[in-house]
Amino acid sequence: MRSLINVQTQLLVRRFLTSSTAGRWRLFCSSSSEEEMPQPSVLRHLTAKIKATGPISVAEYMREVLTNPVTGYYVRNNMLGPEGDFITSPEISQIFGELIGVWIVTEWISAGRPKRLQLVELGPGKGSLAEDVLRVLGQLRSVLSHCSVSLHLVEVSPALSGLQALRLTGGSAQENQNHHDPVYRQGLTSTGLPVCWYRSLDDVPEGFSIFVAHEFFDALPIHKFQRTQSGWREMMVDIELENPDKLRFVLSPSPTLASTALVQEGEGRSHVEVCAEGGVIVQQLSRRISEEGGAALIADYGHDGTKTDTFRGFKGHRLHDVLASPGSADLTADVDFSFLRRMAGDGVACLGPITQRVFLKNMGIDTRMQVLLRNCVDASIRKQLINSYDALTNPDRMGERFHFFSLLHLSRLATPPNTTPPEGLTLQKKTPAAPPVAGFTELSFS
């Protein structure tokens, strides 16, 4: 029964949050990487393309700079962590990944405890988030004892997939020599859980899956459009007239296919960024959740259809000109969650966006911190715990810059029958209501 599942979910959350178990702690420091030399091969490739075909869209520019199979920034570099160009929440504190792990288990329980659970992470970075999630699953193995769990990682970067394999399988994962096989690397964790790597979400097997995308959508290519007196025009990347070794932005003199198809009718902003590729991926997630069951949790920089020009570069943890030294810096743009909601359609339920601060507090980060601090005697680790908590929840740091957004099966929010929860545990709402979704609803214990 749904009410019973809901009670079990709350008990599980409370059980984990009050556990004194802790893994190793990542020490976080802020430092800049050494200044890299410009990437002339990337610039030469781009200028040759522009000379041959004319100005290119910002989306094509991002795609070439970030994921070109030979020169792409993500393909060549290890860009994460204090020595890279940016740092992510899982790299700051394992508490972040642990709470994501609890969220995954609560959604699996709410779905009726399917016999198989595919954990799918899009853009897994160094594998820190997946590692923390798997540790939580190990701590809750009695709950998952009758479920077959597997991990599926969608990663285009050979450098990062190697780091992920080292972290998650101890380096035992093997590359697949059959290039026609969608699984290009596979292995087992220390507990025997299978891990597979793919280059595309299309290649991940069908089945009940819970998808996690943390700082994935912000790196997907965007189209940029500007309102003019003649209508919407697409911003393009061209060669600087006076200096052929530099690039510049120009406006398309006439409508493009993208400006005609992607700008929403009645759009009130004067400048719009649209991530068509992100829309396609959300449609894929929606179809799979609707047909196979499961859920998706998206966490990223973003807004709900209010911002305009958010395209920026990061190099050595500092802002970097997006057109300077292409290939030497990360490129990113805030996620438009209102666009993702439209692309998701009516086949799934959407929750959010809500701020990271609200999500983590709803998940019980304060309770978890109190338990860990109470059981910690090392002063340096206590200091690190407090600093990481501040980094994750402070509105001036990551607390309100990142947002959480979820796609759920429609049955997940269906109204349950009117039943009475067991004695000793009450919900905030006394009348029948859909079971609360962890993170998006504050649970009340008694």
# chains A, B, ... in the order shown; residues from 1 in each chain; ligands from 1
call {"tool": "select_by_dssp", "arguments": {"residues": "segment 6-235 of chain A", "states": "strand (DSSP E or B)", "output": "PyMOL selection string"}}
result
chain A and resi 56-57+80+86+116-122+148-154+174-175+185-188+194-198+209-214+223-228+231-235
call {"tool": "select_by_dssp", "arguments": {"residues": "segment 98-309 of chain A", "states": "helix (DSSP H, G or I)", "output": "PyMOL selection string"}}
result
chain A and resi 98-110+128-139+158-169+201-203+217-219+257-262+276-292
call {"tool": "residues_around", "arguments": {"residues": "Gly123 of chain A", "least_positions_apart": "5", "cutoff": "8 Å", "atoms": "only C-alpha atoms", "output": "ChimeraX atom specification"}}
result
/A:153-156,213-216
call {"tool": "residues_around", "arguments": {"residues": "Asp238 of chain A", "least_positions_apart": "5", "cutoff": "12 Å", "atoms": "only C-alpha atoms", "output": "PyMOL selection string"}}
result
chain A and resi 43+46-58+60-61+243-252+323
call {"tool": "write_last_selection", "arguments": {"atoms": "N, CA, C and O atoms", "output": "tab-separated table (two decimals), in the first residue's frame"}}
result
chain	number	residue	atom	x	y	z
A	43	LEU	N	41.51	26.10	-32.78
A	43	LEU	CA	41.25	27.36	-33.49
A	43	LEU	C	41.41	27.17	-35.00
A	43	LEU	O	40.59	27.67	-35.78
A	46	LEU	N	38.37	25.38	-36.34
A	46	LEU	CA	37.19	26.23	-36.37
A	46	LEU	C	37.26	27.26	-37.49
A	46	LEU	O	36.28	27.47	-38.21
A	47	THR	N	38.42	27.91	-37.63
A	47	THR	CA	38.54	28.94	-38.68
A	47	THR	C	38.45	28.32	-40.07
A	47	THR	O	37.88	28.92	-40.98
A	48	ALA	N	39.00	27.11	-40.23
A	48	ALA	CA	38.89	26.43	-41.52
A	48	ALA	C	37.43	26.10	-41.84
A	48	ALA	O	36.97	26.26	-42.98
A	49	LYS	N	36.70	25.66	-40.84
A	49	LYS	CA	35.28	25.34	-41.03
A	49	LYS	C	34.49	26.60	-41.40
A	49	LYS	O	33.66	26.58	-42.32
A	50	ILE	N	34.76	27.71	-40.69
A	50	ILE	CA	34.05	28.96	-40.95
A	50	ILE	C	34.37	29.49	-42.34
A	50	ILE	O	33.50	29.97	-43.08
A	51	LYS	N	35.63	29.41	-42.74
A	51	LYS	CA	36.03	29.87	-44.07
A	51	LYS	C	35.34	29.05	-45.16
A	51	LYS	O	35.01	29.57	-46.23
A	52	ALA	N	35.12	27.77	-44.87
A	52	ALA	CA	34.54	26.89	-45.88
A	52	ALA	C	33.02	27.02	-45.98
A	52	ALA	O	32.45	26.96	-47.08
A	53	THR	N	32.36	27.21	-44.83
A	53	THR	CA	30.89	27.17	-44.83
A	53	THR	C	30.23	28.44	-44.32
A	53	THR	O	29.00	28.57	-44.38
A	54	GLY	N	31.00	29.38	-43.78
A	54	GLY	CA	30.42	30.59	-43.22
A	54	GLY	C	30.29	30.48	-41.71
A	54	GLY	O	30.65	29.46	-41.10
A	55	PRO	N	29.81	31.52	-41.05
A	55	PRO	CA	29.66	31.53	-39.58
A	55	PRO	C	28.89	30.31	-39.09
A	55	PRO	O	27.97	29.82	-39.75
A	56	ILE	N	29.28	29.83	-37.91
A	56	ILE	CA	28.64	28.64	-37.33
A	56	ILE	C	27.82	29.05	-36.11
A	56	ILE	O	28.06	30.09	-35.49
A	57	SER	N	26.84	28.25	-35.77
A	57	SER	CA	26.00	28.54	-34.61
A	57	SER	C	26.80	28.36	-33.32
A	57	SER	O	27.84	27.67	-33.29
A	58	VAL	N	26.32	28.96	-32.25
A	58	VAL	CA	26.97	28.77	-30.95
A	58	VAL	C	26.90	27.31	-30.54
A	58	VAL	O	27.84	26.78	-29.93
A	60	GLU	N	27.04	24.69	-32.53
A	60	GLU	CA	28.09	23.97	-33.25
A	60	GLU	C	29.46	24.31	-32.68
A	60	GLU	O	30.33	23.44	-32.57
A	61	TYR	N	29.64	25.56	-32.30
A	61	TYR	CA	30.91	25.98	-31.69
A	61	TYR	C	31.15	25.20	-30.39
A	61	TYR	O	32.23	24.64	-30.17
A	243	ASN	N	41.65	40.48	-37.39
A	243	ASN	CA	42.59	39.50	-36.83
A	243	ASN	C	42.06	38.09	-37.08
A	243	ASN	O	41.19	37.61	-36.36
A	244	PRO	N	42.55	37.41	-38.10
A	244	PRO	CA	42.03	36.08	-38.47
A	244	PRO	C	42.31	35.00	-37.43
A	244	PRO	O	41.83	33.88	-37.57
A	245	ASP	N	43.09	35.32	-36.38
A	245	ASP	CA	43.36	34.36	-35.31
A	245	ASP	C	42.41	34.54	-34.13
A	245	ASP	O	42.59	33.93	-33.08
A	246	LYS	N	41.40	35.41	-34.30
A	246	LYS	CA	40.42	35.62	-33.24
A	246	LYS	C	39.01	35.40	-33.78
A	246	LYS	O	38.77	35.56	-34.98
A	247	LEU	N	38.12	35.07	-32.87
A	247	LEU	CA	36.73	34.84	-33.23
A	247	LEU	C	35.84	35.94	-32.66
A	247	LEU	O	36.21	36.63	-31.73
A	248	ARG	N	34.64	36.08	-33.21
A	248	ARG	CA	33.70	37.10	-32.76
A	248	ARG	C	32.27	36.58	-32.93
A	248	ARG	O	32.03	35.63	-33.67
A	249	PHE	N	31.33	37.24	-32.22
A	249	PHE	CA	29.91	36.95	-32.39
A	249	PHE	C	29.33	37.87	-33.46
A	249	PHE	O	29.66	39.06	-33.52
A	250	VAL	N	28.45	37.31	-34.30
A	250	VAL	CA	27.71	38.10	-35.27
A	250	VAL	C	26.26	37.63	-35.27
A	250	VAL	O	25.96	36.53	-34.79
A	251	LEU	N	25.36	38.47	-35.78
A	251	LEU	CA	23.97	38.07	-35.91
A	251	LEU	C	23.70	37.60	-37.33
A	251	LEU	O	24.15	38.23	-38.30
A	252	SER	N	22.97	36.53	-37.46
A	252	SER	CA	22.58	36.07	-38.78
A	252	SER	C	21.70	37.14	-39.45
A	252	SER	O	20.78	37.66	-38.81
A	323	LEU	N	35.21	32.84	-26.33
A	323	LEU	CA	35.79	32.72	-27.68
A	323	LEU	C	37.31	32.73	-27.68
A	323	LEU	O	37.93	32.57	-28.74
call {"tool": "closest_residue", "arguments": {"among": "A:His180, A:Val322, A:Arg141, A:Pro353", "to": "Thr310 of chain A", "atoms": "only C-alpha atoms"}}
result
A:Val322
call {"tool": "atom_distance", "arguments": {"atom1": "atom CA of Phe337 of chain A", "atom2": "atom CA of Gly352 of chain A"}}
result
8.4 Å
call {"tool": "closest_residue", "arguments": {"among": "A:Arg227, A:Arg368, A:Arg269, A:Arg167", "to": "Ser254 of chain A", "atoms": "only C-alpha atoms"}}
result
A:Arg227
call {"tool": "atom_distance", "arguments": {"atom1": "atom CA of Leu168 of chain A", "atom2": "atom CA of Ser148 of chain A"}}
result
17.7 Å
call {"tool": "closest_residue", "arguments": {"among": "A:Val195, A:Ala391, A:Val237, A:Ala130", "to": "Ile100 of chain A", "atoms": "only C-alpha atoms"}}
result
A:Ala130
call {"tool": "residues_around", "arguments": {"residues": "segment 102-106 of chain A", "least_positions_apart": "2", "cutoff": "10 Å", "atoms": "only C-alpha atoms", "output": "ChimeraX atom specification"}}
result
/A:5-6,8-10,12-13,16-17,97-100,108-111,113,117,119,133,136-137,140,143-144,209-212,294-297,363,437-439
call {"tool": "write_last_selection", "arguments": {"atoms": "C-alpha atoms", "output": "PDB file, in the first residue's frame"}}
result
ATOM      1  CA  ILE A   5       5.518   2.491   1.432  1.00  0.00           C
ATOM      2  CA  ASN A   6       5.577   6.119   2.473  1.00  0.00           C
ATOM      3  CA  GLN A   8       8.912   2.759   5.160  1.00  0.00           C
ATOM      4  CA  THR A   9      10.537   5.515   3.132  1.00  0.00           C
ATOM      5  CA  GLN A  10      10.579   7.904   6.070  1.00  0.00           C
ATOM      6  CA  LEU A  12      14.710   4.489   5.886  1.00  0.00           C
ATOM      7  CA  VAL A  13      15.658   8.168   5.617  1.00  0.00           C
ATOM      8  CA  PHE A  16      20.474   6.601   7.366  1.00  0.00           C
ATOM      9  CA  LEU A  17      20.615  10.194   8.633  1.00  0.00           C
ATOM     10  CA  GLY A  97      26.244  11.948  -2.904  1.00  0.00           C
ATOM     11  CA  GLU A  98      24.970  10.105   0.153  1.00  0.00           C
ATOM     12  CA  LEU A  99      21.736  12.103   0.148  1.00  0.00           C
ATOM     13  CA  ILE A 100      21.324  11.458  -3.590  1.00  0.00           C
ATOM     14  CA  TRP A 108      12.759   2.674  -5.703  1.00  0.00           C
ATOM     15  CA  ILE A 109      10.666   1.863  -2.618  1.00  0.00           C
ATOM     16  CA  SER A 110       7.873   4.187  -3.739  1.00  0.00           C
ATOM     17  CA  ALA A 111       7.791   2.365  -7.097  1.00  0.00           C
ATOM     18  CA  ARG A 113      10.539  -2.321  -4.970  1.00  0.00           C
ATOM     19  CA  LEU A 117      17.218  -1.386 -10.595  1.00  0.00           C
ATOM     20  CA  LEU A 119      21.269   3.347 -11.813  1.00  0.00           C
ATOM     21  CA  VAL A 133      25.652   6.499  -3.971  1.00  0.00           C
ATOM     22  CA  VAL A 136      24.751   4.169   0.645  1.00  0.00           C
ATOM     23  CA  LEU A 137      23.297   1.221  -1.243  1.00  0.00           C
ATOM     24  CA  LEU A 140      21.140  -0.294   3.021  1.00  0.00           C
ATOM     25  CA  VAL A 143      16.563  -3.159   2.112  1.00  0.00           C
ATOM     26  CA  LEU A 144      17.804  -4.013  -1.408  1.00  0.00           C
ATOM     27  CA  SER A 209      15.918   2.968 -14.193  1.00  0.00           C
ATOM     28  CA  ILE A 210      16.671   5.909 -11.961  1.00  0.00           C
ATOM     29  CA  PHE A 211      18.608   8.545 -13.853  1.00  0.00           C
ATOM     30  CA  VAL A 212      20.884  11.137 -12.279  1.00  0.00           C
ATOM     31  CA  GLY A 294      11.650   4.939 -12.793  1.00  0.00           C
ATOM     32  CA  ALA A 295      12.600   8.549 -12.159  1.00  0.00           C
ATOM     33  CA  ALA A 296      15.151  11.190 -13.118  1.00  0.00           C
ATOM     34  CA  LEU A 297      16.892  13.711 -10.885  1.00  0.00           C
ATOM     35  CA  MET A 363      16.697  15.479   2.542  1.00  0.00           C
ATOM     36  CA  VAL A 437       8.812  12.943  -2.822  1.00  0.00           C
ATOM     37  CA  ALA A 438      12.009  13.142  -0.799  1.00  0.00           C
ATOM     38  CA  GLY A 439      13.917  16.354  -1.303  1.00  0.00           C
TER      39      GLY A 439
END
call {"tool": "residues_around", "arguments": {"residues": "Tyr73 of chain A", "least_positions_apart": "3", "cutoff": "8 Å", "atoms": "only C-alpha atoms", "output": "ChimeraX atom specification"}}
result
/A:65-68,76-77,327-330
call {"tool": "write_last_selection", "arguments": {"atoms": "N, CA, C and O atoms", "output": "compact mmCIF listing (two decimals), in the first residue's frame"}}
result
# COMPACT_ATOMS: atom_id res chain seq x y z
N VAL A 65 34.18 22.52 -29.68
CA VAL A 65 35.16 22.84 -28.65
C VAL A 65 35.16 21.81 -27.53
O VAL A 65 36.22 21.42 -27.02
N LEU A 66 33.98 21.32 -27.14
CA LEU A 66 33.88 20.44 -25.97
C LEU A 66 34.00 18.96 -26.29
O LEU A 66 34.63 18.21 -25.54
N THR A 67 33.41 18.51 -27.40
CA THR A 67 33.31 17.06 -27.61
C THR A 67 33.84 16.57 -28.95
O THR A 67 33.57 15.43 -29.33
N ASN A 68 34.58 17.41 -29.68
CA ASN A 68 35.22 16.92 -30.90
C ASN A 68 36.06 15.69 -30.55
O ASN A 68 36.84 15.71 -29.59
N ARG A 76 39.96 15.42 -24.11
CA ARG A 76 41.40 15.42 -23.82
C ARG A 76 41.73 15.63 -22.35
O ARG A 76 42.76 15.17 -21.86
N ASN A 77 40.88 16.37 -21.63
CA ASN A 77 41.29 16.90 -20.33
C ASN A 77 40.66 16.19 -19.14
O ASN A 77 39.60 15.60 -19.23
N GLY A 327 39.03 25.45 -26.58
CA GLY A 327 39.57 24.13 -26.23
C GLY A 327 40.36 24.13 -24.94
O GLY A 327 40.69 23.06 -24.43
N SER A 328 40.66 25.33 -24.41
CA SER A 328 41.44 25.39 -23.17
C SER A 328 40.57 25.64 -21.95
O SER A 328 41.07 25.65 -20.82
N ALA A 329 39.28 25.90 -22.13
CA ALA A 329 38.40 26.22 -21.01
C ALA A 329 37.06 25.51 -21.18
O ALA A 329 36.65 25.15 -22.28
N ASP A 330 36.39 25.32 -20.06
CA ASP A 330 35.05 24.73 -20.08
C ASP A 330 34.04 25.79 -20.52
O ASP A 330 34.19 26.97 -20.21
call {"tool": "residues_around", "arguments": {"residues": "Leu201 of chain A", "least_positions_apart": "2", "cutoff": "8 Å", "atoms": "only C-alpha atoms", "output": "ChimeraX atom specification"}}
result
/A:122,154,198-199,203-204,281
call {"tool": "write_last_selection", "arguments": {"atoms": "C-alpha atoms", "output": "short mmCIF file (atom, residue, chain, number, x, y, z; two decimals), in the first residue's frame"}}
result
data_model
loop_
_atom_site.label_atom_id
_atom_site.label_comp_id
_atom_site.auth_asym_id
_atom_site.auth_seq_id
_atom_site.Cartn_x
_atom_site.Cartn_y
_atom_site.Cartn_z
CA LEU A 122 24.80 11.07 -17.27
CA VAL A 154 27.05 7.68 -20.00
CA TYR A 198 28.23 4.03 -22.89
CA ARG A 199 28.73 7.03 -25.15
CA ASP A 203 22.71 2.63 -25.76
CA VAL A 204 21.63 2.08 -22.13
CA ILE A 281 17.50 13.95 -23.92
#
call {"tool": "atom_distance", "arguments": {"atom1": "atom CA of Lys224 of chain A", "atom2": "atom CA of Arg288 of chain A"}}
result
29.2 Å
call {"tool": "closest_residue", "arguments": {"among": "A:Leu241, A:Phe339, A:Gln229, A:Phe96", "to": "Val263 of chain A", "atoms": "only C-alpha atoms"}}
result
A:Phe339
call {"tool": "closest_residue", "arguments": {"among": "A:Asp396, A:Asp309, A:Glu242, A:Asp300", "to": "Glu273 of chain A", "atoms": "only C-alpha atoms"}}
result
A:Asp309
call {"tool": "closest_residue", "arguments": {"among": "A:Ile354, A:His223, A:Ile365, A:Asn375", "to": "Ser93 of chain A", "atoms": "only C-alpha atoms"}}
result
A:Ile365
call {"tool": "decode", "arguments": {"residues": "segment 306-317 of chain A", "atoms": "all heavy atoms", "output": "PDB file, in the first residue's frame"}}
result
ATOM      1  N   THR A 306      13.616  32.642 -16.986  1.00  0.00           N
ATOM      2  CA  THR A 306      13.714  34.079 -16.687  1.00  0.00           C
ATOM      3  C   THR A 306      15.008  34.719 -17.163  1.00  0.00           C
ATOM      4  O   THR A 306      15.031  35.912 -17.451  1.00  0.00           O
ATOM      5  CB  THR A 306      13.582  34.314 -15.174  1.00  0.00           C
ATOM      6  OG1 THR A 306      14.590  33.553 -14.491  1.00  0.00           O
ATOM      7  CG2 THR A 306      12.207  33.879 -14.679  1.00  0.00           C
ATOM      8  N   LYS A 307      16.084  33.953 -17.241  1.00  0.00           N
ATOM      9  CA  LYS A 307      17.384  34.547 -17.573  1.00  0.00           C
ATOM     10  C   LYS A 307      17.573  34.661 -19.081  1.00  0.00           C
ATOM     11  O   LYS A 307      16.834  34.068 -19.868  1.00  0.00           O
ATOM     12  CB  LYS A 307      18.515  33.734 -16.946  1.00  0.00           C
ATOM     13  CG  LYS A 307      18.556  33.807 -15.429  1.00  0.00           C
ATOM     14  CD  LYS A 307      19.794  33.108 -14.883  1.00  0.00           C
ATOM     15  CE  LYS A 307      19.873  33.202 -13.365  1.00  0.00           C
ATOM     16  NZ  LYS A 307      21.080  32.541 -12.832  1.00  0.00           N
ATOM     17  N   THR A 308      18.598  35.429 -19.461  1.00  0.00           N
ATOM     18  CA  THR A 308      18.851  35.669 -20.887  1.00  0.00           C
ATOM     19  C   THR A 308      20.241  35.171 -21.296  1.00  0.00           C
ATOM     20  O   THR A 308      20.384  34.046 -21.748  1.00  0.00           O
ATOM     21  CB  THR A 308      18.676  37.158 -21.212  1.00  0.00           C
ATOM     22  OG1 THR A 308      19.529  37.950 -20.367  1.00  0.00           O
ATOM     23  CG2 THR A 308      17.234  37.595 -21.005  1.00  0.00           C
ATOM     24  N   ASP A 309      21.262  35.997 -21.117  1.00  0.00           N
ATOM     25  CA  ASP A 309      22.611  35.649 -21.563  1.00  0.00           C
ATOM     26  C   ASP A 309      23.391  35.022 -20.416  1.00  0.00           C
ATOM     27  O   ASP A 309      23.891  35.720 -19.533  1.00  0.00           O
ATOM     28  CB  ASP A 309      23.312  36.913 -22.071  1.00  0.00           C
ATOM     29  CG  ASP A 309      24.700  36.615 -22.631  1.00  0.00           C
ATOM     30  OD1 ASP A 309      25.034  35.434 -22.825  1.00  0.00           O
ATOM     31  OD2 ASP A 309      25.457  37.579 -22.862  1.00  0.00           O
ATOM     32  N   THR A 310      23.523  33.691 -20.415  1.00  0.00           N
ATOM     33  CA  THR A 310      24.244  32.999 -19.342  1.00  0.00           C
ATOM     34  C   THR A 310      25.458  32.235 -19.867  1.00  0.00           C
ATOM     35  O   THR A 310      26.132  31.551 -19.091  1.00  0.00           O
ATOM     36  CB  THR A 310      23.323  32.011 -18.607  1.00  0.00           C
ATOM     37  OG1 THR A 310      23.010  30.912 -19.483  1.00  0.00           O
ATOM     38  CG2 THR A 310      22.024  32.691 -18.161  1.00  0.00           C
ATOM     39  N   PHE A 311      25.743  32.311 -21.143  1.00  0.00           N
ATOM     40  CA  PHE A 311      26.849  31.574 -21.761  1.00  0.00           C
ATOM     41  C   PHE A 311      28.174  32.098 -21.218  1.00  0.00           C
ATOM     42  O   PHE A 311      28.450  33.295 -21.273  1.00  0.00           O
ATOM     43  CB  PHE A 311      26.779  31.755 -23.279  1.00  0.00           C
ATOM     44  CG  PHE A 311      27.790  30.952 -24.056  1.00  0.00           C
ATOM     45  CD1 PHE A 311      28.147  29.671 -23.674  1.00  0.00           C
ATOM     46  CD2 PHE A 311      28.373  31.486 -25.205  1.00  0.00           C
ATOM     47  CE1 PHE A 311      29.064  28.933 -24.404  1.00  0.00           C
ATOM     48  CE2 PHE A 311      29.285  30.754 -25.947  1.00  0.00           C
ATOM     49  CZ  PHE A 311      29.630  29.479 -25.546  1.00  0.00           C
ATOM     50  N   ARG A 312      29.014  31.218 -20.686  1.00  0.00           N
ATOM     51  CA  ARG A 312      30.267  31.638 -20.079  1.00  0.00           C
ATOM     52  C   ARG A 312      31.296  30.511 -20.128  1.00  0.00           C
ATOM     53  O   ARG A 312      30.956  29.341 -20.351  1.00  0.00           O
ATOM     54  CB  ARG A 312      30.037  32.081 -18.628  1.00  0.00           C
ATOM     55  CG  ARG A 312      29.439  31.017 -17.741  1.00  0.00           C
ATOM     56  CD  ARG A 312      28.798  31.622 -16.499  1.00  0.00           C
ATOM     57  NE  ARG A 312      28.242  30.620 -15.599  1.00  0.00           N
ATOM     58  CZ  ARG A 312      27.051  30.060 -15.739  1.00  0.00           C
ATOM     59  NH1 ARG A 312      26.282  30.407 -16.766  1.00  0.00           N
ATOM     60  NH2 ARG A 312      26.613  29.152 -14.882  1.00  0.00           N
ATOM     61  N   GLY A 313      32.548  30.886 -19.881  1.00  0.00           N
ATOM     62  CA  GLY A 313      33.631  29.916 -19.838  1.00  0.00           C
ATOM     63  C   GLY A 313      34.301  29.921 -18.476  1.00  0.00           C
ATOM     64  O   GLY A 313      34.286  30.926 -17.764  1.00  0.00           O
ATOM     65  N   PHE A 314      34.902  28.775 -18.110  1.00  0.00           N
ATOM     66  CA  PHE A 314      35.644  28.664 -16.855  1.00  0.00           C
ATOM     67  C   PHE A 314      37.001  28.043 -17.134  1.00  0.00           C
ATOM     68  O   PHE A 314      37.113  27.028 -17.817  1.00  0.00           O
ATOM     69  CB  PHE A 314      34.889  27.800 -15.840  1.00  0.00           C
ATOM     70  CG  PHE A 314      33.742  28.502 -15.181  1.00  0.00           C
ATOM     71  CD1 PHE A 314      32.440  28.274 -15.609  1.00  0.00           C
ATOM     72  CD2 PHE A 314      33.958  29.398 -14.146  1.00  0.00           C
ATOM     73  CE1 PHE A 314      31.373  28.916 -14.999  1.00  0.00           C
ATOM     74  CE2 PHE A 314      32.905  30.047 -13.536  1.00  0.00           C
ATOM     75  CZ  PHE A 314      31.611  29.816 -13.957  1.00  0.00           C
ATOM     76  N   LYS A 315      38.018  28.677 -16.563  1.00  0.00           N
ATOM     77  CA  LYS A 315      39.382  28.163 -16.694  1.00  0.00           C
ATOM     78  C   LYS A 315      40.112  28.458 -15.390  1.00  0.00           C
ATOM     79  O   LYS A 315      40.170  29.605 -14.956  1.00  0.00           O
ATOM     80  CB  LYS A 315      40.088  28.844 -17.868  1.00  0.00           C
ATOM     81  CG  LYS A 315      41.492  28.323 -18.136  1.00  0.00           C
ATOM     82  CD  LYS A 315      42.054  28.982 -19.375  1.00  0.00           C
ATOM     83  CE  LYS A 315      43.446  28.460 -19.690  1.00  0.00           C
ATOM     84  NZ  LYS A 315      43.992  29.078 -20.921  1.00  0.00           N
ATOM     85  N   GLY A 316      40.641  27.428 -14.763  1.00  0.00           N
ATOM     86  CA  GLY A 316      41.314  27.619 -13.490  1.00  0.00           C
ATOM     87  C   GLY A 316      40.418  28.222 -12.436  1.00  0.00           C
ATOM     88  O   GLY A 316      40.841  29.054 -11.637  1.00  0.00           O
ATOM     89  N   HIS A 317      39.137  27.833 -12.434  1.00  0.00           N
ATOM     90  CA  HIS A 317      38.133  28.308 -11.467  1.00  0.00           C
ATOM     91  C   HIS A 317      37.813  29.787 -11.627  1.00  0.00           C
ATOM     92  O   HIS A 317      37.257  30.407 -10.720  1.00  0.00           O
ATOM     93  CB  HIS A 317      38.590  28.021 -10.026  1.00  0.00           C
ATOM     94  CG  HIS A 317      38.821  26.565  -9.757  1.00  0.00           C
ATOM     95  ND1 HIS A 317      37.821  25.714  -9.349  1.00  0.00           N
ATOM     96  CD2 HIS A 317      39.942  25.802  -9.867  1.00  0.00           C
ATOM     97  CE1 HIS A 317      38.315  24.491  -9.207  1.00  0.00           C
ATOM     98  NE2 HIS A 317      39.586  24.523  -9.512  1.00  0.00           N
TER      99      HIS A 317
END
